[in-house]
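Novice: Submitted below is the structure of interest, expressed as structure tokens.
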There are 2 protein chains.
Amino acid sequence: MKQKKLNIRQFALKLGVSTATVSRAFGTKGRISDSTRRMIKAKAEQVGYRANYHASNLISRKTHTVAFFYPPLIKGEPDYFITEIMFGVNSESSQRKMPLQIHSLYPESMAFCKDVVLNGSISGIIVIEGARESTEIVKTAKSSGLPYVVIGNFPGEKGNTVTFDNARGAMLAGRHFRESGRKKPVYIGGLSDKKKKDGFRSGLGTLSSKLHLDRGGSTFLDGYNSFARIAGSVPGADCVLCANDILAMGFIKAALANGKEIPEDIAVIGFDDLRISQYFSPALTTIRLHMDAIGEKSVHLLSRMMNGEKLTAVEKIDCELIVRDSA
Amino acid sequence: MKQKKLNIRQFALKLGVSTATVSRAFGTKGRISDSTRRMIKAKAEQVGYRANYHASNLISRKTHTVAFFYPPLIKGEPDYFITEIMFGVNSESSQRKMPLQIHSLYPESMAFCKDVVLNGSISGIIVIEGARESTEIVKTAKSSGLPYVVIGNFPGEKGNTVTFDNARGAMLAGRHFRESGRKKPVYIGGLSDKKKKDGFRSGLGTLSSKLHLDRGGSTFLDGYNSFARIAGSVPGADCVLCANDILAMGFIKAALANGKEIPEDIAVIGFDDLRISQYFSPALTTIRLHMDAIGEKSVHLLSRMMNGEKLTAVEKIDCELIVRDSA
DNA sequence: TTGTAGGCGTTATCAG
DNA sequence: CTGATAACGCCTACAA
């Protein structure tokens with residue numbers, strides 16, 4: 001069953017051509033006649049010859065391999081935000097025949113991650129913002145000259161970036177609340193989402209003077225707990241924008257458990273549009289970030305950089321308000 | 001900013017030792033004094049030297065890199081089953097400092113996937129069952145002698161396997177229904193889950209004579225549609241086991257929309273325990289498969305095989321019934 | 001268009 | 001314990 005692998009020399013010998021010719025048959029560099037190329041490829045298929053990955057990368061000093069670094073997941077939490085970006089990345093990388101590695105940025109695994117960046121095994125990286133480690137890995141890439149693309153809003157990062165248009169998304173939510181006659185808005189979110197807050201305000205228009213901000217973390221439980229706080233301190237609150245969908249689900253669950261009607265009593269809008277959000281009860285009204293598109297775009301950008309282009313682009317991906325049942 | 005990378009020769013020269021000594025400082029093979037090893041490592045850290053990945057893999061004929069192959073996701077569907085296994089795999093691979101590649105088994109990308117298996121870039125693969133392509137990739141690995149581990153129930157695969165204990169899980173569900181006094185059970189699932197059906201029957205005991213089987217596919221919409229079918233053809237059905245959690249969510253949504261109370265009128269048990277399932281309304285009673293453990297276990301097994309052990313183990317991961325609000 | 005030959009950066013082998 | 005040197009398998013000037 002096991003085929004013994006032949007190397008280029010043995011394979012070339014078998015065909016009665018030189019190793020150089022075999023090499024040319026697969027690459028795009030050298031000149032070679034169509035007929036011999038076809039012959040060689042056919043024969044290769046037949047006997048199962050393929051160029052050794054390491055040997056060819058060693059001599060040519062380039063790989064097509066890309067590494068994707070993501071912030072560590074919270075244990076047990078449905079952190080599908082990252083997941084969906086990752087699948088977007090992988091879909092595009094696969095189409096381009098670029099092998100994709102994934103690495104979680106645990107503090108304990110930073111040494112390993114840096115190794116990967118520095119040992120020549122990959123030719124480009126994609127990093128999701130969110131952890132201190134993200135910044136560190138970018139710094140490492142930068143210092144070694146490795147092409148990198150950043151997903152999100154990196155402080156101090158001027159280029160190589162694909163971002164969500166958080167400001168516009170939040171604006172859409174605010175406008176929706178205003179246009180549907182809501183009176184007392186609340187924003188639930190984390191620390192570092194100034195753009196969402198500002199965008200929300202601009203969409204709320206005159207309503208923004210009544211805006212209440214709740215620092216609610218980012219998990220389901222955080223959203224759940226927000227409800228009690230808000231019920232206590234913001235009487236009459238009738239619409240809520242949550243910094244992400246999971247947070248919104250938690251908030252809604254608590255609200256329902258306390259006898260509120262959604263959206264009649266309180267309208268709730270989430271952020272992200274996870275695949276699961278359409279199936280929540282009530283189906284979540286949310287800002288769709290097109291996370292798969294983000295992933296695809298970042299590979300596209302990285303691929304150009306890996307081909308030597310110098311880019312300092314910041315690409316913003318469009319978002320849209322998806323109106324379902326919660327607002 | 002950019003550091004120029006030194007190779008082992010330049011680095012060794014700088015330290016006044018031979019390349020062989022440098023190499024030994026990082027490996028575990030040769031003898032070397034503790035003091036020189038420490039000196040070399042310290043200096044390496046300082047000047048940023050690391051062994052080139054490709055060169056070292058070329059000569060030593062081994063990588064630590066693992067590839068994970070998963071069936072293609074259905075567009076827009078929350079296929080978090082695969083996701084959660086993948087994170088289990090990555091968590092373990094990362095701890096073992098094994099770079100992990102991920103590859104989706106689209107029919108169009110099979111050529112690429114086979115390439116990855118055959119070109120020497122990886123030293124082992126993990127494959128999730130479910131697609132025809134899964135079987136094909138396993139065959140490729142087998143023919144090339146590459147260590148592989150299979151997750152799930154592969155037809156004809158006698159070893160190298162980590163599986164869920166589907167039979168036992170379904171049995172637990174059946175028993176729960178029986179013990180809670182349900183009378184008319186239904187099973188909603190796909191084609192290829194005989195073990196779940198059989199296990200369910202055994203748990204149901206005498207109730208199994210009344211079991212109705214519904215071929216419900218595997219998506220949320222499938223579950224949703226199942227409800228109408230069952231309401232029509234199985235009057236009095238009061239408990240349902242679904243082949244996965246998403247299916248269960250769809251079924252429940254339809255049931256609620258039709259004025260049924262869950263679990264009073266119909267008790268519903270899912271399968272998998274996705275991270276999100278605890279947050280569904282009603283919180284899903286389900287069979288927890290410990291998908292992260294599956295991932296971890298498969299890396300563990302593969303790692304042993306990559307170290308030369310000949311294994312034909314079939315590992316079954318324990319599952320448990322998680323009782324929440326839906327049954 | 002094709003062949004020859006040198007070198008990519010390591011690790012393994014074999015002396016010392 | 002350490003050093004010299006030969007592979008590993010391929011790509012790419014350069015020569016034919």
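Every chain in the structure tokens takes a letter, A first, then B, and so on in the order presented; its residues are numbered from 1, and the ligands are numbered from 1 following the presented order.
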Pick out the residues sitting within 9 Å of Gly152 in chain B, and hand them over as a PyMOL selection string; count only C-alpha atoms (C1' of nucleotides), and ignore anything fewer than 2 positions along from it in its own chain.
Specialist: chain B and resi 127-130+150+154+161-164
Novice: Quick one: which chain C residues come within 9 Å of chain B, and what is the nearest atom pair for each with the distance in Å to one decimal, counting only C-alpha atoms (C1' of nucleotides), rows ordered by chain and ascending number, as a tab-separated table?
Specialist:
```
residue	atom	partner	partner_atom	distance
C:DC8	C1'	B:Ala55	CA	8.0
C:DG9	C1'	B:Ala55	CA	5.1
C:DT10	C1'	B:Ser56	CA	4.5
C:DT11	C1'	B:Ile59	CA	5.9
C:DA12	C1'	B:Ser60	CA	8.5
```
Novice: What does the distance between CA of Gly270 in chain A and CA of Phe251 in chain A come to in Å, to one decimal place?
Specialist: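 Separation of CA of Gly270 in chain A and CA of Phe251 in chain A: 10.1 Å.
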Novice: Counting only C-alpha atoms (C1' of nucleotides), give me one row per residue of chain B with an atom at most 7 Å from an atom of chain D, showing the shortest contact pair and its distance in Å to one decimal, sorted by chain then residue number, as CSV.
Specialist:
```
residue,atom,partner,partner_atom,distance
B:Ser18,CA,D:DG3,C1',6.1
B:Thr21,CA,D:DT2,C1',6.8
B:Arg31,CA,D:DC1,C1',6.7
B:Ile32,CA,D:DC1,C1',5.8
B:Ser33,CA,D:DC1,C1',6.6
B:Leu58,CA,D:DC8,C1',5.5
B:Ile59,CA,D:DC8,C1',4.4
```
Novice: Could you tell me which residues of chain B sit within 8 Å of chain A when counting only C-alpha atoms, and give me the result as an MDAnalysis selection string?
Specialist: chainID B and resid 1:4 50:55 57:58 76:78 83 90:91 94:95 97 99:104 109 112 115 118:121 142:145 220 249:250 253 275:276 279:281
Novice: Restrict the selected residues to N, CA and C atoms and save them as a short mmCIF file (atom, residue, chain, number, x, y, z; two decimals), in the first residue's frame.
Specialist:
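Okay, this is what ended up in selection34.cif:
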```cif
data_model
loop_
_atom_site.label_atom_id
_atom_site.label_comp_id
_atom_site.auth_asym_id
_atom_site.auth_seq_id
_atom_site.Cartn_x
_atom_site.Cartn_y
_atom_site.Cartn_z
N MET B 1 14.74 48.84 11.93
CA MET B 1 13.78 47.95 12.58
C MET B 1 14.01 46.49 12.21
N LYS B 2 14.13 46.28 10.93
CA LYS B 2 14.30 44.89 10.49
C LYS B 2 15.63 44.31 10.92
N GLN B 3 15.54 43.17 11.57
CA GLN B 3 16.76 42.46 11.88
C GLN B 3 17.09 41.58 10.69
N LYS B 4 18.34 41.59 10.30
CA LYS B 4 18.70 40.61 9.27
C LYS B 4 18.90 39.28 9.98
N ARG B 50 17.17 31.77 15.23
CA ARG B 50 16.48 30.49 15.35
C ARG B 50 16.71 29.64 14.12
N ALA B 51 16.71 28.37 14.35
CA ALA B 51 16.95 27.43 13.25
C ALA B 51 15.89 27.61 12.18
N ASN B 52 16.31 27.64 10.96
CA ASN B 52 15.37 27.70 9.85
C ASN B 52 14.54 26.43 9.80
N TYR B 53 13.26 26.66 9.76
CA TYR B 53 12.29 25.57 9.82
C TYR B 53 12.48 24.58 8.67
N HIS B 54 12.61 25.11 7.49
CA HIS B 54 12.65 24.22 6.33
C HIS B 54 13.94 23.43 6.26
N ALA B 55 15.03 24.11 6.54
CA ALA B 55 16.30 23.41 6.50
C ALA B 55 16.32 22.27 7.50
N ASN B 57 13.79 20.72 8.83
CA ASN B 57 12.85 19.66 8.47
C ASN B 57 13.34 18.83 7.28
N LEU B 58 14.04 19.50 6.42
CA LEU B 58 14.53 18.81 5.23
C LEU B 58 15.50 17.70 5.61
N GLY B 76 -23.76 29.93 5.91
CA GLY B 76 -24.69 30.61 6.80
C GLY B 76 -25.13 29.77 7.99
N GLU B 77 -24.91 28.47 7.93
CA GLU B 77 -25.35 27.63 9.04
C GLU B 77 -24.37 27.70 10.20
N PRO B 78 -24.86 27.71 11.39
CA PRO B 78 -23.95 27.73 12.55
C PRO B 78 -23.40 26.34 12.83
N THR B 83 -16.33 23.60 14.73
CA THR B 83 -15.59 24.66 15.40
C THR B 83 -15.06 24.23 16.75
N ASN B 90 -6.71 22.57 18.56
CA ASN B 90 -5.69 23.62 18.55
C ASN B 90 -5.14 23.90 19.93
N SER B 91 -5.99 23.77 20.91
CA SER B 91 -5.52 23.99 22.26
C SER B 91 -4.43 22.98 22.62
N SER B 94 -1.24 23.36 20.36
CA SER B 94 -0.45 24.50 20.75
C SER B 94 0.39 24.19 21.99
N GLN B 95 -0.19 23.49 22.93
CA GLN B 95 0.58 23.13 24.12
C GLN B 95 1.76 22.25 23.78
N LYS B 97 3.38 22.46 21.09
CA LYS B 97 4.21 23.18 20.12
C LYS B 97 4.17 22.54 18.75
N PRO B 99 2.58 23.08 15.20
CA PRO B 99 1.81 23.98 14.35
C PRO B 99 0.64 23.24 13.72
N LEU B 100 -0.48 23.90 13.66
CA LEU B 100 -1.70 23.26 13.15
C LEU B 100 -2.21 23.97 11.90
N GLN B 101 -2.36 23.19 10.84
CA GLN B 101 -3.00 23.72 9.63
C GLN B 101 -4.45 23.29 9.60
N ILE B 102 -5.31 24.12 9.04
CA ILE B 102 -6.70 23.69 8.86
C ILE B 102 -7.08 23.72 7.39
N HIS B 103 -7.84 22.72 7.00
CA HIS B 103 -8.23 22.60 5.60
C HIS B 103 -9.68 22.14 5.47
N SER B 104 -10.42 22.89 4.71
CA SER B 104 -11.79 22.50 4.45
C SER B 104 -11.85 21.57 3.24
N SER B 109 -11.22 21.68 -3.62
CA SER B 109 -9.90 21.87 -3.04
C SER B 109 -9.20 20.55 -2.72
N PHE B 112 -5.54 20.31 -3.78
CA PHE B 112 -4.70 21.04 -2.84
C PHE B 112 -4.50 20.24 -1.55
N ASP B 115 -2.18 17.42 -2.02
CA ASP B 115 -0.84 17.96 -2.10
C ASP B 115 -0.24 18.13 -0.71
N LEU B 118 0.80 14.94 0.73
CA LEU B 118 1.86 14.18 0.06
C LEU B 118 3.19 14.91 -0.09
N ASN B 119 3.19 16.21 0.12
CA ASN B 119 4.43 16.93 -0.20
C ASN B 119 5.41 17.04 0.95
N GLY B 120 5.11 16.35 2.02
CA GLY B 120 6.08 16.31 3.11
C GLY B 120 6.02 17.49 4.06
N SER B 121 5.05 18.36 3.89
CA SER B 121 5.02 19.54 4.74
C SER B 121 4.44 19.28 6.11
N LYS B 142 -3.14 7.14 4.14
CA LYS B 142 -2.80 5.74 4.32
C LYS B 142 -1.78 5.30 3.27
N SER B 143 -2.04 5.66 2.04
CA SER B 143 -1.17 5.19 0.97
C SER B 143 0.22 5.79 1.06
N SER B 144 0.33 6.92 1.73
CA SER B 144 1.65 7.53 1.81
C SER B 144 2.32 7.23 3.15
N GLY B 145 1.62 6.50 3.99
CA GLY B 145 2.22 6.14 5.26
C GLY B 145 2.21 7.25 6.29
N PHE B 220 -31.02 23.88 11.28
CA PHE B 220 -32.07 24.53 12.05
C PHE B 220 -33.40 24.45 11.31
N MET B 249 -32.95 23.19 18.31
CA MET B 249 -33.36 24.59 18.41
C MET B 249 -34.43 24.91 17.37
N GLY B 250 -34.23 24.40 16.18
CA GLY B 250 -35.21 24.64 15.13
C GLY B 250 -36.56 24.04 15.48
N LYS B 253 -38.20 26.09 18.22
CA LYS B 253 -38.72 27.37 17.73
C LYS B 253 -40.08 27.18 17.05
N ARG B 275 -21.54 25.33 22.78
CA ARG B 275 -21.38 26.38 23.80
C ARG B 275 -22.62 27.27 23.88
N ILE B 276 -23.28 27.44 22.77
CA ILE B 276 -24.41 28.34 22.75
C ILE B 276 -25.67 27.70 23.34
N TYR B 279 -27.50 28.83 26.37
CA TYR B 279 -28.09 30.16 26.34
C TYR B 279 -29.36 30.23 25.51
N PHE B 280 -29.71 29.14 24.90
CA PHE B 280 -30.95 29.12 24.13
C PHE B 280 -32.12 29.24 25.11
N SER B 281 -33.26 29.67 24.56
CA SER B 281 -34.47 29.73 25.40
C SER B 281 -35.51 28.76 24.87
#
```
Novice: If you run DSSP on the backbone, which residues of range 58-153 of chain B are alpha helix (DSSP H), as a ChimeraX atom specification?
Specialist: /B:58-60,80-95,110-118,132-144
